[in-house]
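File shown: start-v1.cif (mmCIF, C-alpha atoms).
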data_structure
#
loop_
_atom_site.label_atom_id
_atom_site.label_comp_id
_atom_site.auth_asym_id
_atom_site.auth_seq_id
_atom_site.Cartn_x
_atom_site.Cartn_y
_atom_site.Cartn_z
CA MET F 1 -8.25 5.29 -14.66
CA ILE F 2 -5.55 7.69 -13.50
CA PHE F 3 -5.32 8.50 -9.78
CA ASN F 4 -2.97 11.05 -8.24
CA PHE F 5 -1.89 10.38 -4.66
CA ASP F 6 0.64 13.16 -4.03
CA GLU F 7 4.04 11.77 -5.17
CA TRP F 8 2.40 8.74 -6.79
CA THR F 9 0.31 8.69 -9.93
CA LEU F 10 -1.26 5.31 -10.62
CA ASP F 11 -3.03 3.95 -13.66
CA ILE F 12 -5.56 1.59 -12.05
CA ASP F 13 -7.80 -0.90 -13.85
CA LEU F 14 -10.84 -0.69 -11.60
CA ASP F 15 -12.73 -3.61 -13.15
CA ALA F 16 -9.69 -5.89 -12.87
CA THR F 17 -9.14 -4.82 -9.24
CA LYS F 18 -12.76 -5.57 -8.33
CA GLU F 19 -12.49 -8.94 -10.07
CA LEU F 20 -9.24 -9.66 -8.22
CA TYR F 21 -11.06 -9.25 -4.89
CA GLU F 22 -14.03 -11.30 -6.09
CA LYS F 23 -11.68 -14.20 -6.82
CA ASN F 24 -9.11 -13.78 -4.02
CA ASN F 25 -9.16 -13.27 -0.29
CA TYR F 26 -5.89 -11.98 1.18
CA ALA F 27 -7.29 -11.76 4.73
CA SER F 28 -5.58 -14.10 7.16
CA ASN F 29 -7.61 -13.01 10.20
CA VAL F 30 -11.22 -11.90 9.64
CA GLN F 31 -11.40 -10.30 13.10
CA LEU F 32 -8.41 -8.05 12.36
CA ASN F 33 -10.00 -6.92 9.10
CA GLU F 34 -13.24 -6.16 10.92
CA GLN F 35 -11.32 -4.25 13.61
CA PHE F 36 -9.47 -2.20 10.98
CA ILE F 37 -12.70 -1.48 9.08
CA SER F 38 -14.35 -0.29 12.31
CA PHE F 39 -11.62 2.41 12.61
CA LEU F 40 -12.22 3.79 9.10
CA THR F 41 -13.78 7.17 8.49
CA GLU F 42 -16.20 7.70 5.62
CA GLU F 43 -13.37 9.28 3.59
CA GLN F 44 -11.16 6.22 4.15
CA ARG F 45 -13.99 3.82 3.24
CA ASP F 46 -14.59 5.82 0.05
CA PHE F 47 -10.88 5.58 -0.80
CA PHE F 48 -11.01 1.76 -0.86
CA GLU F 49 -14.36 1.64 -2.63
CA THR F 50 -13.21 4.09 -5.32
CA LEU F 51 -10.17 1.89 -6.03
CA GLY F 52 -12.24 -1.32 -6.18
CA VAL F 53 -10.65 -2.78 -3.04
CA ASN F 54 -12.70 -4.94 -0.69
CA PRO F 55 -11.42 -4.10 2.84
CA PHE F 56 -12.77 -7.40 4.18
CA LYS F 57 -10.34 -9.23 1.87
CA MET F 58 -7.18 -7.13 2.41
CA ASN F 59 -4.20 -8.49 4.32
CA VAL F 60 -4.21 -7.11 7.89
CA GLU F 61 -1.53 -8.24 10.34
CA GLU F 62 -1.11 -7.27 13.96
CA THR F 63 1.90 -7.29 16.24
CA ILE F 64 1.91 -6.32 19.92
CA TYR F 65 5.26 -5.43 21.43
CA ASP F 66 5.98 -5.57 25.14
CA MET F 67 7.83 -2.39 26.16
CA GLY F 68 10.06 -4.15 28.69
CA ASP F 69 9.83 -2.65 32.17
CA LEU F 70 7.42 0.06 31.03
CA PRO F 71 3.74 -0.47 31.88
CA MET F 72 2.64 -0.14 28.24
CA LYS F 73 2.59 -2.02 24.97
CA MET F 74 3.00 -0.96 21.37
CA HIS F 75 0.30 -2.15 19.01
CA ARG F 76 1.19 -2.25 15.30
CA MET F 77 -1.28 -3.00 12.52
CA ASN F 78 0.06 -3.51 8.99
CA VAL F 79 -2.52 -3.32 6.20
CA GLU F 80 -1.78 -4.23 2.59
CA PHE F 81 -3.98 -4.20 -0.46
CA VAL F 82 -3.39 -5.06 -4.10
CA LEU F 83 -4.38 -2.93 -7.07
CA CYS F 84 -4.38 -3.95 -10.73
CA GLY F 85 -2.46 -1.32 -12.65
CA ASN F 86 0.88 0.36 -13.16
CA PHE F 87 2.86 3.31 -11.85
CA VAL F 88 2.95 6.54 -13.84
CA ASP F 89 4.84 8.65 -11.25
CA ILE F 90 6.80 7.54 -8.20
CA PRO F 91 8.75 9.51 -5.57
CA ASP F 92 12.39 9.87 -6.59
CA TYR F 93 13.63 7.97 -3.53
CA GLN F 94 11.97 4.83 -4.91
CA LYS F 95 14.21 4.99 -7.99
CA ASN F 96 17.06 3.78 -5.81
CA LEU F 97 14.92 0.93 -4.47
CA TYR F 98 13.55 -0.12 -7.84
CA GLY F 99 16.62 0.73 -9.91
CA ASN F 100 18.32 -2.43 -8.65
CA GLN F 101 19.55 -4.35 -11.69
CA ASP F 102 18.87 -7.68 -9.95
CA LEU F 103 15.18 -6.76 -9.67
CA PHE F 104 14.25 -5.20 -13.00
CA GLY F 105 17.27 -5.25 -15.29
CA ASP F 106 19.17 -2.21 -16.41
CA ALA F 107 16.61 0.57 -16.06
CA LEU F 108 13.14 1.60 -15.11
CA PRO F 109 10.81 2.43 -18.02
CA GLN F 110 11.56 5.68 -19.85
CA HIS F 111 7.96 6.88 -19.45
CA LEU F 112 8.06 6.58 -15.64
CA HIS F 113 8.16 10.04 -14.11
CA LEU F 114 10.02 10.69 -10.83
CA GLU F 115 8.43 13.15 -8.39
CA GLU F 116 11.15 15.02 -6.50
CA VAL F 117 11.01 14.73 -2.73
CA PRO F 118 12.83 17.70 -1.12
CA ALA F 119 16.03 16.85 0.72
CA GLY F 120 15.51 16.34 4.42
CA CYS F 121 11.87 15.33 4.07
CA LYS F 122 10.67 12.17 5.70
CA VAL F 123 9.55 9.28 3.52
CA PRO F 124 6.40 10.50 1.78
CA SER F 125 3.00 8.94 2.16
CA TYR F 126 -0.42 9.82 0.83
CA ARG F 127 -2.29 11.23 3.83
CA LEU F 128 -5.69 9.68 4.24
CA GLY F 129 -7.13 11.12 7.42
CA ASP F 130 -5.10 9.91 10.39
CA PHE F 131 -2.93 7.46 8.46
CA GLY F 132 -0.65 7.43 5.47
CA VAL F 133 -0.60 5.13 2.46
CA VAL F 134 2.59 4.15 0.63
CA PHE F 135 2.45 2.54 -2.80
CA LYS F 136 5.02 -0.13 -3.62
CA HIS F 137 5.96 -2.53 -6.36
CA PRO F 138 4.81 -6.04 -5.35
CA SER F 139 8.31 -7.51 -5.80
CA PHE F 140 9.11 -6.19 -2.31
CA LYS F 141 6.19 -7.97 -0.72
CA ILE F 142 5.38 -10.95 -2.93
CA SER F 143 8.52 -12.81 -3.89
CA THR F 144 7.55 -14.63 -7.07
CA GLY F 145 6.09 -13.59 -10.39
CA PHE F 146 6.87 -9.89 -10.17
CA ASN F 147 10.33 -9.61 -11.69
CA VAL F 148 9.30 -7.15 -14.42
CA TRP F 149 8.57 -3.51 -13.68
CA GLU F 150 5.19 -3.33 -15.41
CA CYS F 151 3.79 -6.51 -13.89
CA GLY F 152 0.25 -5.09 -13.71
CA TYR F 153 0.02 -4.84 -9.92
CA ILE F 154 0.67 -2.27 -7.19
CA VAL F 155 0.66 -2.85 -3.43
CA GLY F 156 -0.74 -0.21 -1.10
CA SER F 157 0.61 -0.32 2.44
CA ILE F 158 -0.62 1.28 5.67
CA LEU F 159 1.22 1.01 8.98
CA LEU F 160 -0.65 2.01 12.13
CA THR F 161 1.11 2.19 15.49
CA LYS F 162 -0.42 2.95 18.87
CA ILE F 163 1.02 2.87 22.40
CA PHE F 164 -1.40 1.67 25.10
#
Give the structure from this file in structure tokens form.
Amino acid sequence: MIFNFDEWTLDIDLDATKELYEKNNYASNVQLNEQFISFLTEEQRDFFETLGVNPFKMNVEETIYDMGDLPMKMHRMNVEFVLCGNFVDIPDYQKNLYGNQDLFGDALPQHLHLEEVPAGCKVPSYRLGDFGVVFKHPSFKISTGFNVWECGYIVGSILLTKIF
């Protein structure tokens, strides 16, 4: 099924994604997943459900940074989820990332469309309520088994930061 998320268009196999989460659990800390899920709005919950992703089995990592002499800390939550499918469109800035000959050979597939990101714009993300989602090729996150462009998987990434 084709999904359009602003600069990204993804061809997602929903049944395969659901099966992936039935067979695999990427969660390393159940409490972090539960904490993340408790923050989600109905729209955000629907996003994961529509894509076949089980939020209880996503990878959620947390880092808390001490701000030195300041009486505050920075809390960062990194959320990643895997989708079964392939890219149809990507933002043009990703061509430079993925056009590396060491990663995928000489060229990206001819059918891959590049969505132009206007000069001076910040790195795009698909806005989902109060956070953004970036879609990446898994070779940048999972080091083995993803050395071909159309490997059949896409990684969604959310980075949440809060000062407290």
Apply the PyMOL selection byres ((chain F and resi 24) around 12) to the structure shown and report the selected residues as a VMD selection string.
chain F and resid 16 to 23 25 to 28 53 to 54 56 to 59 81 to 82
Select, from F:Val88, F:Leu40, F:Leu108, F:Leu32, the residue with the minimum atom-to-atom distance to F:Glu61, counting only C-alpha atoms.
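Among the listed residues, F:Leu32 lies closest to F:Glu61.
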Result set, the PyMOL selection byres ((chain F and resi 14) around 8) on current file, as number ranges by chain:
F: 1, 12-13, 15-18, 51-52, 84
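Residues with any atom within 12 Å of F:Gln44, counting only C-alpha atoms and excluding same-chain neighbours fewer than 2 positions away, are Phe36, Ile37, Ser38, Phe39, Leu40, Thr41, Glu42, Asp46, Phe47, Phe48, Glu49, Thr50, Leu51, Val53, Pro55, Tyr126, Arg127, Leu128, Gly129, Asp130, Phe131, Gly132, Val133 and Ile158 of chain F.
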Considering all atoms listed in the file, return as a PyMOL selection string whatever protein or nucleic-acid residues lie within 9 Å of F:Asn4, sequence-local ones (same chain, fewer than 6 positions apart) excluded.
chain F and resi 10-11+89
Could you spell out the hits of the PyMOL selection byres ((chain F and resi 71-80) around 8) on the shown file, as a ChimeraX atom specification?
/F:58-70,81-82,155-164
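By chain and then residue number, the residues within 8 Å of F:Trp8 are Phe87, Val88, Asp89, Ile90, Pro91, Glu115 and Phe135 of chain F, counting all atoms listed in the file and disregarding those fewer than 6 positions away in sequence.
The gap separating atom CA of F:Lys136 from atom CA of F:Gln35 is 24.1 Å, in Å to one decimal.
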So which residues touch F:Cys151 within 10 Å, counting all atoms listed in the file, skipping near sequence neighbours fewer than 6 positions away, as a PyMOL selection string?
chain F and resi 84-86+137-139+145
Taken to one decimal, the atom CA of F:Leu114-atom CA of F:Asp92 distance is 4.9 Å
A straight line from atom CA of F:Lys122 to atom CA of F:Tyr93 spans 10.6 Å
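Proximity to F:Ile154 was assessed for F:Pro109, F:Asn96, F:Gln31, F:Thr9 counting all atoms listed in the file; the smallest distance is recorded for F:Thr9.
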Since the input is missing atoms, can you rebuild all heavy atoms for stretch 152-163 of chain F and write them as a PDB file, in the coordinates of the input?
ATOM      1  N   GLY F 152       1.695  -5.250 -13.747  1.00  0.00           N
ATOM      2  CA  GLY F 152       0.250  -5.090 -13.710  1.00  0.00           C
ATOM      3  C   GLY F 152      -0.341  -5.001 -12.318  1.00  0.00           C
ATOM      4  O   GLY F 152      -1.565  -4.994 -12.176  1.00  0.00           O
ATOM      5  N   TYR F 153       0.518  -4.913 -11.298  1.00  0.00           N
ATOM      6  CA  TYR F 153       0.020  -4.840  -9.920  1.00  0.00           C
ATOM      7  C   TYR F 153       0.789  -3.800  -9.122  1.00  0.00           C
ATOM      8  O   TYR F 153       1.968  -3.544  -9.375  1.00  0.00           O
ATOM      9  CB  TYR F 153       0.166  -6.193  -9.210  1.00  0.00           C
ATOM     10  CG  TYR F 153      -0.669  -7.270  -9.838  1.00  0.00           C
ATOM     11  CD1 TYR F 153      -0.118  -8.120 -10.785  1.00  0.00           C
ATOM     12  CD2 TYR F 153      -2.007  -7.435  -9.489  1.00  0.00           C
ATOM     13  CE1 TYR F 153      -0.886  -9.118 -11.378  1.00  0.00           C
ATOM     14  CE2 TYR F 153      -2.778  -8.428 -10.075  1.00  0.00           C
ATOM     15  CZ  TYR F 153      -2.217  -9.257 -11.018  1.00  0.00           C
ATOM     16  OH  TYR F 153      -2.979 -10.234 -11.605  1.00  0.00           O
ATOM     17  N   ILE F 154       0.099  -3.241  -8.128  1.00  0.00           N
ATOM     18  CA  ILE F 154       0.670  -2.270  -7.190  1.00  0.00           C
ATOM     19  C   ILE F 154       0.186  -2.689  -5.804  1.00  0.00           C
ATOM     20  O   ILE F 154      -0.964  -3.108  -5.652  1.00  0.00           O
ATOM     21  CB  ILE F 154       0.185  -0.846  -7.504  1.00  0.00           C
ATOM     22  CG1 ILE F 154       0.661  -0.425  -8.897  1.00  0.00           C
ATOM     23  CG2 ILE F 154       0.635   0.148  -6.433  1.00  0.00           C
ATOM     24  CD1 ILE F 154      -0.017   0.835  -9.426  1.00  0.00           C
ATOM     25  N   VAL F 155       1.052  -2.560  -4.817  1.00  0.00           N
ATOM     26  CA  VAL F 155       0.660  -2.850  -3.430  1.00  0.00           C
ATOM     27  C   VAL F 155       0.560  -1.526  -2.676  1.00  0.00           C
ATOM     28  O   VAL F 155       1.481  -0.711  -2.717  1.00  0.00           O
ATOM     29  CB  VAL F 155       1.672  -3.785  -2.741  1.00  0.00           C
ATOM     30  CG1 VAL F 155       1.370  -3.910  -1.254  1.00  0.00           C
ATOM     31  CG2 VAL F 155       1.675  -5.151  -3.399  1.00  0.00           C
ATOM     32  N   GLY F 156      -0.570  -1.340  -2.011  1.00  0.00           N
ATOM     33  CA  GLY F 156      -0.740  -0.210  -1.100  1.00  0.00           C
ATOM     34  C   GLY F 156      -0.463  -0.697   0.302  1.00  0.00           C
ATOM     35  O   GLY F 156      -0.854  -1.815   0.660  1.00  0.00           O
ATOM     36  N   SER F 157       0.215   0.104   1.097  1.00  0.00           N
ATOM     37  CA  SER F 157       0.610  -0.320   2.440  1.00  0.00           C
ATOM     38  C   SER F 157       0.305   0.783   3.450  1.00  0.00           C
ATOM     39  O   SER F 157       0.604   1.942   3.219  1.00  0.00           O
ATOM     40  CB  SER F 157       2.094  -0.647   2.432  1.00  0.00           C
ATOM     41  OG  SER F 157       2.519  -1.106   3.687  1.00  0.00           O
ATOM     42  N   ILE F 158      -0.292   0.370   4.583  1.00  0.00           N
ATOM     43  CA  ILE F 158      -0.620   1.280   5.670  1.00  0.00           C
ATOM     44  C   ILE F 158      -0.044   0.680   6.941  1.00  0.00           C
ATOM     45  O   ILE F 158      -0.249  -0.506   7.204  1.00  0.00           O
ATOM     46  CB  ILE F 158      -2.148   1.426   5.825  1.00  0.00           C
ATOM     47  CG1 ILE F 158      -2.763   1.965   4.529  1.00  0.00           C
ATOM     48  CG2 ILE F 158      -2.490   2.317   7.017  1.00  0.00           C
ATOM     49  CD1 ILE F 158      -4.272   1.812   4.466  1.00  0.00           C
ATOM     50  N   LEU F 159       0.672   1.478   7.710  1.00  0.00           N
ATOM     51  CA  LEU F 159       1.220   1.010   8.980  1.00  0.00           C
ATOM     52  C   LEU F 159       0.669   1.905  10.085  1.00  0.00           C
ATOM     53  O   LEU F 159       0.888   3.110  10.092  1.00  0.00           O
ATOM     54  CB  LEU F 159       2.747   1.075   8.958  1.00  0.00           C
ATOM     55  CG  LEU F 159       3.456   0.569  10.194  1.00  0.00           C
ATOM     56  CD1 LEU F 159       3.156  -0.904  10.439  1.00  0.00           C
ATOM     57  CD2 LEU F 159       4.963   0.788  10.070  1.00  0.00           C
ATOM     58  N   LEU F 160      -0.065   1.293  10.988  1.00  0.00           N
ATOM     59  CA  LEU F 160      -0.650   2.010  12.130  1.00  0.00           C
ATOM     60  C   LEU F 160       0.052   1.562  13.395  1.00  0.00           C
ATOM     61  O   LEU F 160       0.206   0.359  13.630  1.00  0.00           O
ATOM     62  CB  LEU F 160      -2.145   1.704  12.241  1.00  0.00           C
ATOM     63  CG  LEU F 160      -2.989   1.988  10.999  1.00  0.00           C
ATOM     64  CD1 LEU F 160      -4.380   1.442  11.158  1.00  0.00           C
ATOM     65  CD2 LEU F 160      -3.027   3.466  10.731  1.00  0.00           C
ATOM     66  N   THR F 161       0.449   2.508  14.230  1.00  0.00           N
ATOM     67  CA  THR F 161       1.110   2.190  15.490  1.00  0.00           C
ATOM     68  C   THR F 161       0.441   2.987  16.606  1.00  0.00           C
ATOM     69  O   THR F 161       0.154   4.169  16.448  1.00  0.00           O
ATOM     70  CB  THR F 161       2.602   2.566  15.431  1.00  0.00           C
ATOM     71  OG1 THR F 161       3.201   1.886  14.331  1.00  0.00           O
ATOM     72  CG2 THR F 161       3.320   2.172  16.701  1.00  0.00           C
ATOM     73  N   LYS F 162       0.220   2.299  17.727  1.00  0.00           N
ATOM     74  CA  LYS F 162      -0.420   2.950  18.870  1.00  0.00           C
ATOM     75  C   LYS F 162       0.218   2.394  20.150  1.00  0.00           C
ATOM     76  O   LYS F 162       0.448   1.198  20.259  1.00  0.00           O
ATOM     77  CB  LYS F 162      -1.912   2.667  18.870  1.00  0.00           C
ATOM     78  CG  LYS F 162      -2.675   3.360  19.968  1.00  0.00           C
ATOM     79  CD  LYS F 162      -4.161   3.101  19.842  1.00  0.00           C
ATOM     80  CE  LYS F 162      -4.914   3.823  20.922  1.00  0.00           C
ATOM     81  NZ  LYS F 162      -6.356   3.631  20.819  1.00  0.00           N
ATOM     82  N   ILE F 163       0.509   3.272  21.093  1.00  0.00           N
ATOM     83  CA  ILE F 163       1.020   2.870  22.400  1.00  0.00           C
ATOM     84  C   ILE F 163      -0.169   2.845  23.343  1.00  0.00           C
ATOM     85  O   ILE F 163      -0.954   3.789  23.404  1.00  0.00           O
ATOM     86  CB  ILE F 163       2.076   3.870  22.927  1.00  0.00           C
ATOM     87  CG1 ILE F 163       3.204   4.075  21.916  1.00  0.00           C
ATOM     88  CG2 ILE F 163       2.587   3.452  24.299  1.00  0.00           C
ATOM     89  CD1 ILE F 163       4.184   2.953  21.813  1.00  0.00           C
TER      90      ILE F 163
END
